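As provided, input-v1.txt (compact mmCIF, C-alpha atoms) reads as follows.
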```txt
# COMPACT_ATOMS: atom_id res chain seq x y z
CA MET A 158 36.39 -56.64 -46.08
CA ASN A 159 32.78 -56.14 -46.94
CA ARG A 160 32.18 -52.84 -45.24
CA THR A 161 29.47 -50.89 -46.97
CA ALA A 162 29.92 -47.37 -45.65
CA ARG A 163 33.50 -46.27 -46.26
CA ASP A 164 33.29 -43.03 -44.37
CA HIS A 165 36.66 -43.35 -42.69
CA PRO A 166 40.30 -43.94 -43.65
CA PRO A 167 41.62 -47.49 -43.97
CA THR A 168 42.38 -49.27 -40.73
CA ALA A 169 45.75 -50.73 -39.80
CA ALA A 170 44.30 -54.23 -40.01
CA GLU A 171 43.16 -53.63 -43.60
CA LEU A 172 46.64 -52.46 -44.62
CA ASN A 173 48.31 -55.23 -42.61
CA LEU A 174 49.99 -52.69 -40.36
CA CYS A 175 50.33 -52.59 -36.59
CA LEU A 176 50.92 -49.65 -34.28
CA CYS A 177 53.92 -49.93 -31.97
CA HIS A 178 52.70 -48.72 -28.58
CA SER A 179 56.12 -47.71 -27.43
CA CYS A 180 57.47 -45.61 -30.30
CA GLY A 181 54.36 -45.05 -32.44
CA LEU A 182 55.80 -46.60 -35.61
CA ALA A 183 53.41 -48.08 -38.16
CA CYS A 184 54.93 -51.56 -38.44
CA ASP A 185 54.60 -53.67 -41.56
CA MET A 186 53.07 -57.00 -40.51
CA ARG A 187 53.62 -59.02 -43.69
CA ASP A 188 56.43 -61.05 -42.10
CA GLU A 189 54.52 -61.33 -38.79
CA PRO A 190 57.31 -59.74 -36.71
CA HIS A 191 57.00 -60.19 -32.94
CA SER A 192 58.70 -56.94 -32.06
CA CYS A 193 58.92 -53.43 -33.43
CA PRO A 194 61.81 -53.08 -35.93
CA ARG A 195 62.56 -49.60 -34.59
CA CYS A 196 62.39 -49.90 -30.79
CA ASP A 197 62.22 -53.70 -30.18
CA ALA A 198 59.06 -53.42 -28.06
CA PRO A 199 56.72 -56.41 -28.42
CA LEU A 200 54.04 -55.90 -31.09
CA HIS A 201 50.39 -56.79 -30.61
CA ARG A 202 47.53 -55.95 -32.95
CA ARG A 203 45.41 -55.59 -29.82
CA LYS A 204 46.50 -55.32 -26.21
CA VAL A 205 46.86 -58.87 -24.88
CA ASN A 206 43.82 -60.17 -22.96
CA SER A 207 42.54 -56.65 -22.76
CA LEU A 208 39.03 -57.36 -21.50
CA ALA A 209 39.96 -59.95 -18.89
CA ARG A 210 42.78 -57.85 -17.51
CA THR A 211 40.71 -54.69 -17.38
CA TRP A 212 37.91 -56.51 -15.55
CA ALA A 213 40.37 -58.05 -13.11
CA PHE A 214 42.15 -54.79 -12.27
CA MET A 215 38.87 -52.92 -12.01
CA LEU A 216 37.22 -55.45 -9.72
CA ALA A 217 40.31 -55.49 -7.52
CA ALA A 218 40.12 -51.70 -7.32
CA LEU A 219 36.41 -51.88 -6.54
CA VAL A 220 37.08 -54.25 -3.62
CA PHE A 221 39.75 -51.91 -2.20
CA TYR A 222 37.46 -48.92 -2.69
CA ILE A 223 35.29 -50.11 0.24
CA PRO A 224 37.97 -50.14 2.99
CA ALA A 225 39.50 -47.04 1.37
CA ASN A 226 36.34 -45.13 2.19
CA LEU A 227 35.36 -46.80 5.46
CA LEU A 228 38.71 -47.01 7.25
CA PRO A 229 40.40 -43.91 8.64
CA VAL A 230 43.11 -42.41 6.43
CA MET A 231 44.71 -40.36 9.15
CA ASN A 232 44.77 -39.72 12.87
CA THR A 233 45.03 -36.24 14.32
CA THR A 234 46.11 -35.75 17.92
CA MET A 235 45.83 -32.23 19.27
CA LEU A 236 46.72 -31.60 22.92
CA GLY A 237 46.13 -35.21 23.85
CA ASP A 238 42.82 -35.62 22.03
CA GLY A 239 43.07 -38.10 19.18
CA ALA A 240 40.62 -38.41 16.31
CA ASP A 241 40.56 -40.64 13.25
CA SER A 242 39.32 -39.18 10.01
CA THR A 243 38.17 -40.85 6.83
CA ILE A 244 38.30 -39.24 3.41
CA MET A 245 34.64 -38.23 3.59
CA SER A 246 34.99 -36.77 7.07
CA GLY A 247 37.91 -34.69 5.80
CA VAL A 248 35.73 -33.33 3.02
CA LEU A 249 32.89 -32.57 5.45
CA GLU A 250 35.27 -30.83 7.82
CA PHE A 251 36.46 -28.45 5.12
CA TRP A 252 32.85 -27.89 4.10
CA ALA A 253 31.80 -27.10 7.67
CA HIS A 254 34.64 -24.59 8.01
CA GLY A 255 33.44 -22.77 4.92
CA ALA A 256 36.31 -23.93 2.69
CA TRP A 257 33.89 -25.31 0.11
CA ASP A 258 36.44 -25.01 -2.72
CA ILE A 259 39.00 -27.25 -1.00
CA ALA A 260 36.21 -29.61 0.03
CA LEU A 261 35.14 -29.80 -3.60
CA ILE A 262 38.70 -30.47 -4.87
CA ILE A 263 39.19 -33.34 -2.41
CA PHE A 264 35.72 -34.72 -3.06
CA ILE A 265 36.25 -34.71 -6.82
CA ALA A 266 39.76 -36.16 -6.71
CA SER A 267 39.17 -38.79 -4.04
CA ILE A 268 35.58 -39.91 -4.31
CA ALA A 269 34.11 -38.75 -7.62
CA VAL A 270 37.06 -39.61 -9.90
CA PRO A 271 37.35 -43.27 -8.82
CA GLY A 272 33.55 -43.56 -8.98
CA VAL A 273 33.43 -42.12 -12.49
CA LYS A 274 36.22 -44.47 -13.53
CA PHE A 275 34.34 -47.53 -12.28
CA VAL A 276 31.16 -46.54 -14.07
CA ALA A 277 32.92 -45.51 -17.29
CA LEU A 278 35.15 -48.59 -17.50
CA SER A 279 32.23 -50.94 -16.79
CA LEU A 280 30.21 -49.23 -19.49
CA LEU A 281 33.08 -49.56 -21.97
CA LEU A 282 33.73 -53.20 -21.08
CA ILE A 283 30.10 -54.24 -21.31
CA THR A 284 29.42 -52.42 -24.59
CA VAL A 285 32.60 -53.88 -26.13
CA GLN A 286 31.66 -57.37 -25.03
CA ARG A 287 28.22 -56.97 -26.58
CA ARG A 288 29.90 -55.70 -29.78
CA SER A 289 27.75 -52.63 -29.56
CA GLN A 290 27.98 -50.11 -32.39
CA TRP A 291 26.38 -47.44 -30.24
CA ALA A 292 28.08 -44.02 -29.93
CA CYS A 293 31.57 -45.27 -30.79
CA ARG A 294 32.99 -41.78 -31.05
CA GLU A 295 31.60 -40.75 -27.67
CA ARG A 296 32.77 -43.96 -26.02
CA SER A 297 36.21 -43.34 -27.49
CA GLN A 298 36.19 -39.88 -25.93
CA LEU A 299 34.97 -41.34 -22.64
CA TYR A 300 37.99 -43.65 -22.58
CA ARG A 301 40.37 -40.77 -23.17
CA PHE A 302 38.69 -38.88 -20.33
CA VAL A 303 39.17 -41.85 -17.99
CA GLU A 304 42.85 -42.00 -18.94
CA LEU A 305 43.24 -38.27 -18.35
CA ILE A 306 41.66 -38.10 -14.89
CA GLY A 307 43.23 -41.34 -13.68
CA TYR A 308 46.14 -40.27 -11.55
CA TRP A 309 44.56 -37.20 -9.95
CA SER A 310 43.07 -39.48 -7.29
CA MET A 311 46.58 -39.77 -5.91
CA LEU A 312 45.95 -36.32 -4.45
CA ASP A 313 44.72 -37.44 -1.05
CA VAL A 314 47.60 -39.85 -0.57
CA LEU A 315 50.08 -37.03 -1.14
CA VAL A 316 48.15 -34.61 1.08
CA VAL A 317 48.16 -37.10 3.95
CA ALA A 318 51.88 -37.77 3.39
CA LEU A 319 52.79 -34.09 3.52
CA VAL A 320 50.56 -33.27 6.48
CA ALA A 321 51.81 -36.28 8.44
CA ALA A 322 55.42 -35.32 7.71
CA LEU A 323 54.82 -31.76 8.91
CA VAL A 324 52.74 -32.09 12.05
CA LYS A 325 55.14 -33.82 14.43
CA PHE A 326 54.97 -31.98 17.74
CA GLN A 327 54.49 -34.98 20.04
CA ALA A 328 51.94 -34.15 22.74
CA LEU A 329 51.10 -30.74 21.32
CA GLY A 330 50.00 -32.03 17.97
CA ASP A 331 50.67 -35.09 15.86
CA ILE A 332 49.23 -36.43 12.62
CA GLU A 333 49.77 -40.02 11.51
CA PRO A 334 48.64 -41.87 8.39
CA ARG A 335 46.24 -44.76 8.90
CA VAL A 336 45.67 -47.95 6.96
CA GLY A 337 42.82 -46.49 4.85
CA ILE A 338 45.36 -44.55 2.83
CA LEU A 339 47.02 -47.82 1.76
CA PHE A 340 43.73 -49.10 0.33
CA PHE A 341 43.11 -45.76 -1.23
CA GLY A 342 46.48 -45.82 -2.97
CA LEU A 343 45.78 -49.35 -4.17
CA VAL A 344 42.48 -48.15 -5.69
CA VAL A 345 44.40 -45.51 -7.65
CA VAL A 346 47.09 -47.92 -8.83
CA PHE A 347 44.60 -50.60 -9.86
CA THR A 348 42.26 -48.22 -11.68
CA MET A 349 45.28 -46.85 -13.56
CA LEU A 350 46.33 -50.38 -14.51
CA ALA A 351 42.74 -51.14 -15.56
CA ALA A 352 42.61 -48.09 -17.84
CA MET A 353 46.01 -48.98 -19.33
CA SER A 354 44.92 -52.57 -20.02
CA PHE A 355 41.79 -51.55 -21.88
CA ASP A 356 42.24 -51.38 -25.63
CA PRO A 357 40.15 -48.49 -27.04
CA ARG A 358 40.39 -49.99 -30.53
CA LEU A 359 37.99 -52.72 -29.41
CA ILE A 360 35.26 -50.07 -29.33
CA TRP A 361 35.50 -49.87 -33.12
CA GLN A 362 35.77 -53.55 -33.70
CA ALA A 363 32.79 -54.25 -35.94
CA GLY A 364 30.78 -57.44 -36.32
CA PRO A 365 31.69 -61.06 -35.55
CA GLU A 366 33.89 -61.44 -38.66
CA GLU A 367 36.69 -59.27 -37.38
CA ALA A 368 36.30 -60.79 -33.94
CA MET A 369 36.93 -64.26 -35.33
CA ASP A 370 40.05 -62.92 -36.98
CA GLU A 371 41.17 -61.79 -33.59
CA VAL A 372 40.70 -65.18 -32.00
CA ALA A 373 42.63 -66.83 -34.82
CA ARG A 374 45.62 -64.56 -34.31
CA HIS A 375 46.13 -65.38 -30.66
CA MET B 202 52.38 -52.28 -50.20
CA ALA B 203 54.46 -50.07 -48.00
CA THR B 204 58.06 -50.73 -47.13
CA MET B 205 59.77 -49.83 -43.84
CA ALA B 206 60.87 -46.45 -45.18
CA SER B 207 57.40 -45.39 -46.25
CA THR B 208 55.55 -46.77 -43.21
CA ALA B 209 57.52 -44.26 -41.12
CA GLN B 210 55.44 -41.56 -42.83
CA LEU B 211 52.21 -43.14 -41.67
CA ILE B 212 50.37 -42.40 -38.46
CA ILE B 213 48.07 -44.96 -36.90
CA CYS B 214 45.42 -43.63 -34.55
CA GLU B 215 46.04 -45.36 -31.23
CA HIS B 216 42.38 -45.10 -30.29
CA CYS B 217 40.73 -46.64 -33.36
CA ASP B 218 43.46 -47.96 -35.70
CA CYS B 219 42.78 -45.60 -38.63
CA VAL B 220 45.81 -45.00 -40.84
CA TYR B 221 46.84 -41.54 -42.04
CA GLN B 222 49.65 -39.90 -43.97
CA GLN B 223 51.68 -37.63 -41.71
CA VAL B 224 51.03 -33.91 -42.27
CA VAL B 225 53.22 -30.93 -41.43
CA LEU B 226 51.70 -28.99 -38.54
CA GLY B 227 51.87 -25.24 -37.99
CA LYS B 228 52.11 -23.46 -34.66
CA HIS B 229 49.47 -24.52 -32.10
CA GLN B 230 48.01 -26.96 -34.60
CA LYS B 231 47.14 -30.57 -33.94
CA SER B 232 45.84 -33.30 -36.17
CA LEU B 233 42.73 -35.22 -35.16
CA CYS B 234 41.40 -38.59 -36.21
CA VAL B 235 38.26 -38.13 -38.35
CA ARG B 236 36.66 -41.28 -36.97
CA CYS B 237 37.21 -41.10 -33.20
CA ALA B 238 38.34 -37.46 -32.79
CA GLY B 239 41.47 -38.52 -30.88
CA VAL B 240 44.62 -36.43 -31.20
CA LEU B 241 47.05 -37.93 -33.71
CA GLU B 242 49.86 -35.42 -33.40
CA ARG B 243 50.51 -32.03 -31.85
CA TYR B 244 52.78 -29.30 -33.10
CA ASN B 245 56.07 -29.48 -31.26
CA GLY B 246 57.93 -26.20 -31.19
CA LEU B 247 61.01 -27.37 -29.30
CA THR B 248 64.36 -27.96 -30.94
CA VAL B 249 66.76 -30.46 -29.40
CA GLU B 250 68.86 -27.59 -27.97
CA GLN B 251 65.85 -25.96 -26.34
CA ARG B 252 64.59 -29.21 -24.91
CA LEU B 253 68.01 -30.04 -23.49
CA ALA B 254 68.29 -26.57 -21.93
CA LEU B 255 64.85 -26.96 -20.34
CA THR B 256 65.73 -30.44 -19.12
CA ILE B 257 68.87 -29.20 -17.39
CA THR B 258 66.81 -26.41 -15.82
CA ALA B 259 64.30 -29.02 -14.68
CA ALA B 260 67.10 -31.13 -13.20
CA MET B 261 68.23 -28.13 -11.13
CA LEU B 262 64.65 -27.56 -10.02
CA TRP B 263 64.41 -31.23 -9.07
CA LEU B 264 67.38 -30.74 -6.74
CA PHE B 265 65.75 -27.67 -5.17
CA ALA B 266 62.39 -29.43 -4.86
CA ASN B 267 64.01 -32.38 -3.13
CA PHE B 268 66.57 -30.75 -0.87
CA TYR B 269 64.65 -27.71 0.31
CA PRO B 270 61.53 -27.97 2.47
CA ILE B 271 58.20 -27.86 0.68
CA MET B 272 56.79 -25.94 3.63
CA THR B 273 57.40 -25.03 7.22
CA ILE B 274 54.80 -24.87 9.98
CA SER B 275 55.01 -23.31 13.40
CA LEU B 276 52.91 -23.95 16.48
CA GLN B 277 53.47 -22.05 19.73
CA GLY B 278 57.10 -21.35 18.95
CA LEU B 279 57.86 -24.85 17.67
CA LYS B 280 58.85 -25.15 14.03
CA ASN B 281 58.85 -28.09 11.67
CA SER B 282 59.47 -28.42 7.97
CA ALA B 283 59.14 -31.27 5.49
CA THR B 284 60.75 -32.18 2.19
CA LEU B 285 59.32 -34.55 -0.41
CA TRP B 286 61.40 -37.35 1.06
CA ASP B 287 60.05 -36.65 4.58
CA SER B 288 56.54 -37.05 3.17
CA VAL B 289 57.45 -40.43 1.71
CA LEU B 290 58.97 -41.47 5.04
CA ALA B 291 55.83 -40.37 6.87
CA LEU B 292 53.92 -42.98 4.88
CA SER B 293 56.47 -45.71 5.39
CA GLN B 294 55.60 -46.46 9.01
CA GLY B 295 53.65 -49.55 9.93
CA PRO B 296 51.62 -51.75 7.59
CA ILE B 297 51.23 -49.15 4.87
CA THR B 298 54.83 -49.18 3.59
CA PHE B 299 53.71 -50.21 0.12
CA ILE B 300 52.02 -46.88 -0.44
CA ALA B 301 55.24 -45.10 0.55
CA MET B 302 56.90 -46.88 -2.35
CA VAL B 303 54.18 -45.80 -4.76
CA ALA B 304 54.48 -42.22 -3.54
CA ALA B 305 58.27 -42.32 -3.82
CA ILE B 306 58.02 -43.49 -7.41
CA ALA B 307 55.34 -40.95 -8.29
CA ILE B 308 56.95 -37.82 -6.86
CA ILE B 309 60.70 -38.51 -6.66
CA ILE B 310 62.00 -41.53 -8.56
CA ALA B 311 60.00 -41.40 -11.81
CA PRO B 312 60.70 -37.68 -12.41
CA ALA B 313 64.39 -38.21 -11.57
CA PHE B 314 64.71 -41.05 -14.06
CA GLN B 315 62.79 -39.13 -16.70
CA LEU B 316 65.23 -36.24 -16.35
CA MET B 317 68.33 -38.43 -16.40
CA LEU B 318 67.15 -40.35 -19.45
CA LEU B 319 66.21 -37.14 -21.25
CA ILE B 320 69.58 -35.52 -20.57
CA TRP B 321 71.37 -38.67 -21.76
CA VAL B 322 69.36 -39.02 -24.95
CA LEU B 323 69.27 -35.31 -25.79
CA ALA B 324 72.97 -34.73 -25.17
CA PHE B 325 73.76 -37.23 -27.92
CA ALA B 326 70.94 -35.96 -30.12
CA LEU B 327 72.69 -32.60 -30.10
CA SER B 328 75.34 -34.06 -32.36
CA GLN B 329 72.75 -35.94 -34.43
CA ARG B 330 73.57 -39.27 -32.83
CA ARG B 331 71.70 -41.96 -30.98
CA ALA B 332 72.92 -42.35 -27.41
CA PRO B 333 74.16 -45.77 -26.26
CA ALA B 334 71.14 -47.85 -25.15
CA PHE B 335 68.94 -45.39 -27.04
CA LYS B 336 66.10 -47.87 -27.57
CA LEU B 337 66.02 -48.84 -23.91
CA CYS B 338 66.04 -45.21 -22.77
CA MET B 339 63.22 -44.25 -25.12
CA ARG B 340 61.10 -47.19 -24.03
CA TRP B 341 61.62 -46.34 -20.36
CA LEU B 342 60.61 -42.75 -21.01
CA GLU B 343 57.31 -44.09 -22.36
CA THR B 344 56.85 -46.45 -19.41
CA LEU B 345 57.61 -43.85 -16.76
CA ARG B 346 55.32 -41.11 -18.08
CA PRO B 347 52.00 -42.21 -16.53
CA TRP B 348 53.63 -42.85 -13.13
CA SER B 349 55.24 -39.45 -12.80
CA MET B 350 52.74 -37.38 -10.80
CA LEU B 351 54.42 -34.14 -9.83
CA GLU B 352 51.49 -31.98 -10.88
CA VAL B 353 49.25 -33.97 -8.55
CA CYS B 354 51.84 -33.47 -5.81
CA LEU B 355 51.75 -29.73 -6.45
CA LEU B 356 47.97 -29.61 -6.01
CA GLY B 357 48.36 -31.83 -2.95
CA ALA B 358 50.87 -29.41 -1.41
CA MET B 359 48.46 -26.54 -1.97
CA VAL B 360 45.59 -28.45 -0.39
CA ALA B 361 47.89 -29.28 2.55
CA VAL B 362 48.63 -25.57 3.00
CA PHE B 363 44.91 -24.84 3.32
CA LYS B 364 44.32 -27.87 5.50
CA LEU B 365 46.93 -26.77 8.03
CA ALA B 366 46.42 -23.00 7.79
CA GLY B 367 43.33 -23.34 9.98
CA MET B 368 45.26 -24.82 12.91
CA LEU B 369 48.73 -23.28 12.69
CA ALA B 370 51.01 -20.92 10.78
CA VAL B 371 52.15 -22.28 7.41
CA LEU B 372 55.06 -20.92 5.40
CA PRO B 373 55.62 -22.22 1.85
CA GLY B 374 59.29 -23.11 1.27
CA ILE B 375 61.68 -22.92 -1.67
CA GLY B 376 60.84 -26.54 -2.41
CA LEU B 377 57.23 -25.67 -3.17
CA PHE B 378 58.15 -23.03 -5.75
CA ALA B 379 60.68 -25.38 -7.32
CA LEU B 380 58.02 -28.11 -7.37
CA ALA B 381 55.56 -25.79 -9.11
CA ALA B 382 58.03 -24.85 -11.86
CA LEU B 383 59.34 -28.41 -12.20
CA SER B 384 55.91 -29.99 -12.61
CA LEU B 385 54.98 -27.58 -15.39
CA LEU B 386 58.35 -27.99 -17.16
CA LEU B 387 58.12 -31.76 -17.02
CA ILE B 388 54.78 -31.73 -18.84
CA ARG B 389 56.40 -29.74 -21.63
CA ILE B 390 59.66 -31.65 -22.02
CA ALA B 391 58.77 -35.27 -21.28
CA GLY B 392 55.59 -35.50 -23.34
CA ARG B 393 54.82 -37.75 -26.27
CA ASP B 394 56.58 -35.48 -28.73
CA ILE B 395 59.97 -36.88 -27.67
CA ARG B 396 59.13 -39.70 -30.10
CA GLU B 397 60.49 -37.31 -32.69
CA LEU B 398 63.96 -38.41 -31.60
CA TRP B 399 63.40 -41.73 -33.35
CA ALA B 400 64.21 -39.86 -36.55
CA LEU B 401 67.87 -39.76 -35.45
CA PRO B 402 70.14 -41.83 -37.67
```
Take the structure in the file and write it out as structure tokens.
Amino acid sequence: MNRTARDHPPTAAELNLCLCHSCGLACDMRDEPHSCPRCDAPLHRRKVNSLARTWAFMLAALVFYIPANLLPVMNTTMLGDGADSTIMSGVLEFWAHGAWDIALIIFIASIAVPGVKFVALSLLLITVQRRSQWACRERSQLYRFVELIGYWSMLDVLVVALVAALVKFQALGDIEPRVGILFFGLVVVFTMLAAMSFDPRLIWQAGPEEAMDEVARH
Amino acid sequence: MATMASTAQLIICEHCDCVYQQVVLGKHQKSLCVRCAGVLERYNGLTVEQRLALTITAAMLWLFANFYPIMTISLQGLKNSATLWDSVLALSQGPITFIAMVAAIAIIIAPAFQLMLLIWVLAFALSQRRAPAFKLCMRWLETLRPWSMLEVCLLGAMVAVFKLAGMLAVLPGIGLFALAALSLLLIRIAGRDIRELWALP
């Protein structure tokens, strides 16, 4: 290790340790164990194929994001008149009725959160691939933010489920889910998987030397 | 170099791989990584007894949240109510069945398994013992955590109340209050700090 500025504690790689992702134990890697001695979970110095998997899950989510926003997520029939609504039209409807706070909650959870996740994950992936040393601390925080907001996008799926379960009055009024909600749910699941596959430790992975190490280990 | 016994005293930052010696935390304290500012550990004020008591409470609340209606609506004399399971069924029609499965896992199955595993593990921990299949249970608790979304469901139920209140009369049910309490409890009892149980002999 020829690091010049030692402004941080030793890393696990330097001490030949490895974090167990399941139980949090610092595992001694001198004997190259394949699983954690405490909980038997498989041990990896870095998440396996982190970049490729994250890209794959994120691109899949991005593809589903289009039908999720274009196709109707539910159909409302009131006194014989049926109308499909998309996520955006639901937001606009609340807005038009003066319920700007609810409109804002749905907009943030359903449209902004997935959008932010796409932008943030792409930024992280690209900077890691270019071995950028730029704003490591902030990028680390960005990743934690992406992880934190991840599952709140499930909101609209659950709202549609509840509303569709409640409004069942045949001709008088009926609400049914539409196929858009399936794509929307898939967006949430795939962005969650993408965030889980990304290894935030790659942000800190300095120079080509350590990277070569990495290749040799796999 | 460290042996197994002494590596248990070390904490590795999961965000940037820095290694630290474990410190004793006081009330409301948390330790942060100096390099990436990620949280290393939070103070955990719950004893095994308290956590078990809260888990049993949560299990009761789960029953209420699942067997009582979340809300009831009425339109021109007609009434209808829905439970969590009804909501899952509402999604299961037609080509979108897959999303019904995701919803079922997120709001019913994952929380139920979390509670069962916690009760199992904690009941044995009470007598300072590891439960049978302890490792498996602890690993499943880690796996289930991100997929348990009751707090999202709670916000969803509240949005649904507002969504419907414009068209018809909405009455929150017992299930909704149970859901509210359960989602908050689950955050407290099923968090990362259950890793403490690995210290059991």
If the cut-off is 7 Å, can you tell me the residues of chain B near chain A, counting all atoms listed in the file? I'd like them as a PyMOL selection string.
chain B and resi 205+208-209+211-213+216-220+235-237+274+281-283+287-289+291-292+297+300+336+340+343+353-354+357-358+360-361+396
Hey, can you spit out that residue selection with C-alpha atoms as a PDB file, in the frame of the given file?
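As a result, again-v4.pdb now contains:
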```
ATOM      1  CA  MET B 205      59.770 -49.830 -43.840  1.00  0.00           C
ATOM      2  CA  THR B 208      55.550 -46.770 -43.210  1.00  0.00           C
ATOM      3  CA  ALA B 209      57.520 -44.260 -41.120  1.00  0.00           C
ATOM      4  CA  LEU B 211      52.210 -43.140 -41.670  1.00  0.00           C
ATOM      5  CA  ILE B 212      50.370 -42.400 -38.460  1.00  0.00           C
ATOM      6  CA  ILE B 213      48.070 -44.960 -36.900  1.00  0.00           C
ATOM      7  CA  HIS B 216      42.380 -45.100 -30.290  1.00  0.00           C
ATOM      8  CA  CYS B 217      40.730 -46.640 -33.360  1.00  0.00           C
ATOM      9  CA  ASP B 218      43.460 -47.960 -35.700  1.00  0.00           C
ATOM     10  CA  CYS B 219      42.780 -45.600 -38.630  1.00  0.00           C
ATOM     11  CA  VAL B 220      45.810 -45.000 -40.840  1.00  0.00           C
ATOM     12  CA  VAL B 235      38.260 -38.130 -38.350  1.00  0.00           C
ATOM     13  CA  ARG B 236      36.660 -41.280 -36.970  1.00  0.00           C
ATOM     14  CA  CYS B 237      37.210 -41.100 -33.200  1.00  0.00           C
ATOM     15  CA  ILE B 274      54.800 -24.870   9.980  1.00  0.00           C
ATOM     16  CA  ASN B 281      58.850 -28.090  11.670  1.00  0.00           C
ATOM     17  CA  SER B 282      59.470 -28.420   7.970  1.00  0.00           C
ATOM     18  CA  ALA B 283      59.140 -31.270   5.490  1.00  0.00           C
ATOM     19  CA  ASP B 287      60.050 -36.650   4.580  1.00  0.00           C
ATOM     20  CA  SER B 288      56.540 -37.050   3.170  1.00  0.00           C
ATOM     21  CA  VAL B 289      57.450 -40.430   1.710  1.00  0.00           C
ATOM     22  CA  ALA B 291      55.830 -40.370   6.870  1.00  0.00           C
ATOM     23  CA  LEU B 292      53.920 -42.980   4.880  1.00  0.00           C
ATOM     24  CA  ILE B 297      51.230 -49.150   4.870  1.00  0.00           C
ATOM     25  CA  ILE B 300      52.020 -46.880  -0.440  1.00  0.00           C
ATOM     26  CA  LYS B 336      66.100 -47.870 -27.570  1.00  0.00           C
ATOM     27  CA  ARG B 340      61.100 -47.190 -24.030  1.00  0.00           C
ATOM     28  CA  GLU B 343      57.310 -44.090 -22.360  1.00  0.00           C
ATOM     29  CA  VAL B 353      49.250 -33.970  -8.550  1.00  0.00           C
ATOM     30  CA  CYS B 354      51.840 -33.470  -5.810  1.00  0.00           C
ATOM     31  CA  GLY B 357      48.360 -31.830  -2.950  1.00  0.00           C
ATOM     32  CA  ALA B 358      50.870 -29.410  -1.410  1.00  0.00           C
ATOM     33  CA  VAL B 360      45.590 -28.450  -0.390  1.00  0.00           C
ATOM     34  CA  ALA B 361      47.890 -29.280   2.550  1.00  0.00           C
ATOM     35  CA  ARG B 396      59.130 -39.700 -30.100  1.00  0.00           C
TER      36      ARG B 396
END
```
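Closest approach to Ala254 of chain B among B:Phe378, B:Leu386, B:Ala307, B:Ser328 is made by B:Leu386 (distances from all atoms listed in the file).
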Expected axis-aligned box over every listed atom of segment 241-245 of chain A, 8 Å added per side, centre plus edges in Å to one decimal, as JSON:
```
{"center_x": 37.6, "center_y": -39.5, "center_z": 8.3, "size_x": 21.9, "size_y": 18.6, "size_z": 25.8}
```
Leaving out Phe264 of chain A and any residue of its chain fewer than 5 positions from it, which residues lie within 8 Å of it when counting all atoms listed in the file, given as a PDB file with C-alpha atoms, in the frame of the given file?
```pdb
ATOM      1  CA  MET A 245      34.640 -38.230   3.590  1.00  0.00           C
ATOM      2  CA  VAL A 248      35.730 -33.330   3.020  1.00  0.00           C
ATOM      3  CA  ALA A 269      34.110 -38.750  -7.620  1.00  0.00           C
TER       4      ALA A 269
END
```
What separates atom CA of Ile271 of chain B and atom CA of Arg389 of chain B is a distance of 22.5 Å
Which residues come within 10 Å of segment 308-317 of chain B, counting only C-alpha atoms, excluding same-chain residues fewer than 5 positions away, as a PyMOL selection string?
(chain A and resi 315) or (chain B and resi 253+256-260+263-264+266-267+285-286+289+302-303+322-323+338-339+341-355+380+383-384+387+390-391)
So which residues touch Leu216 of chain A within 10 Å, counting only C-alpha atoms, skipping near sequence neighbours fewer than 5 positions away, as a VMD selection string?
chain A and resid 210 to 211 221 to 222 275 279 344 347 to 348 351
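Taking atom CA of Glu397 of chain B and atom CA of Ser207 of chain A as the two end points, the separation is 28.2 Å.
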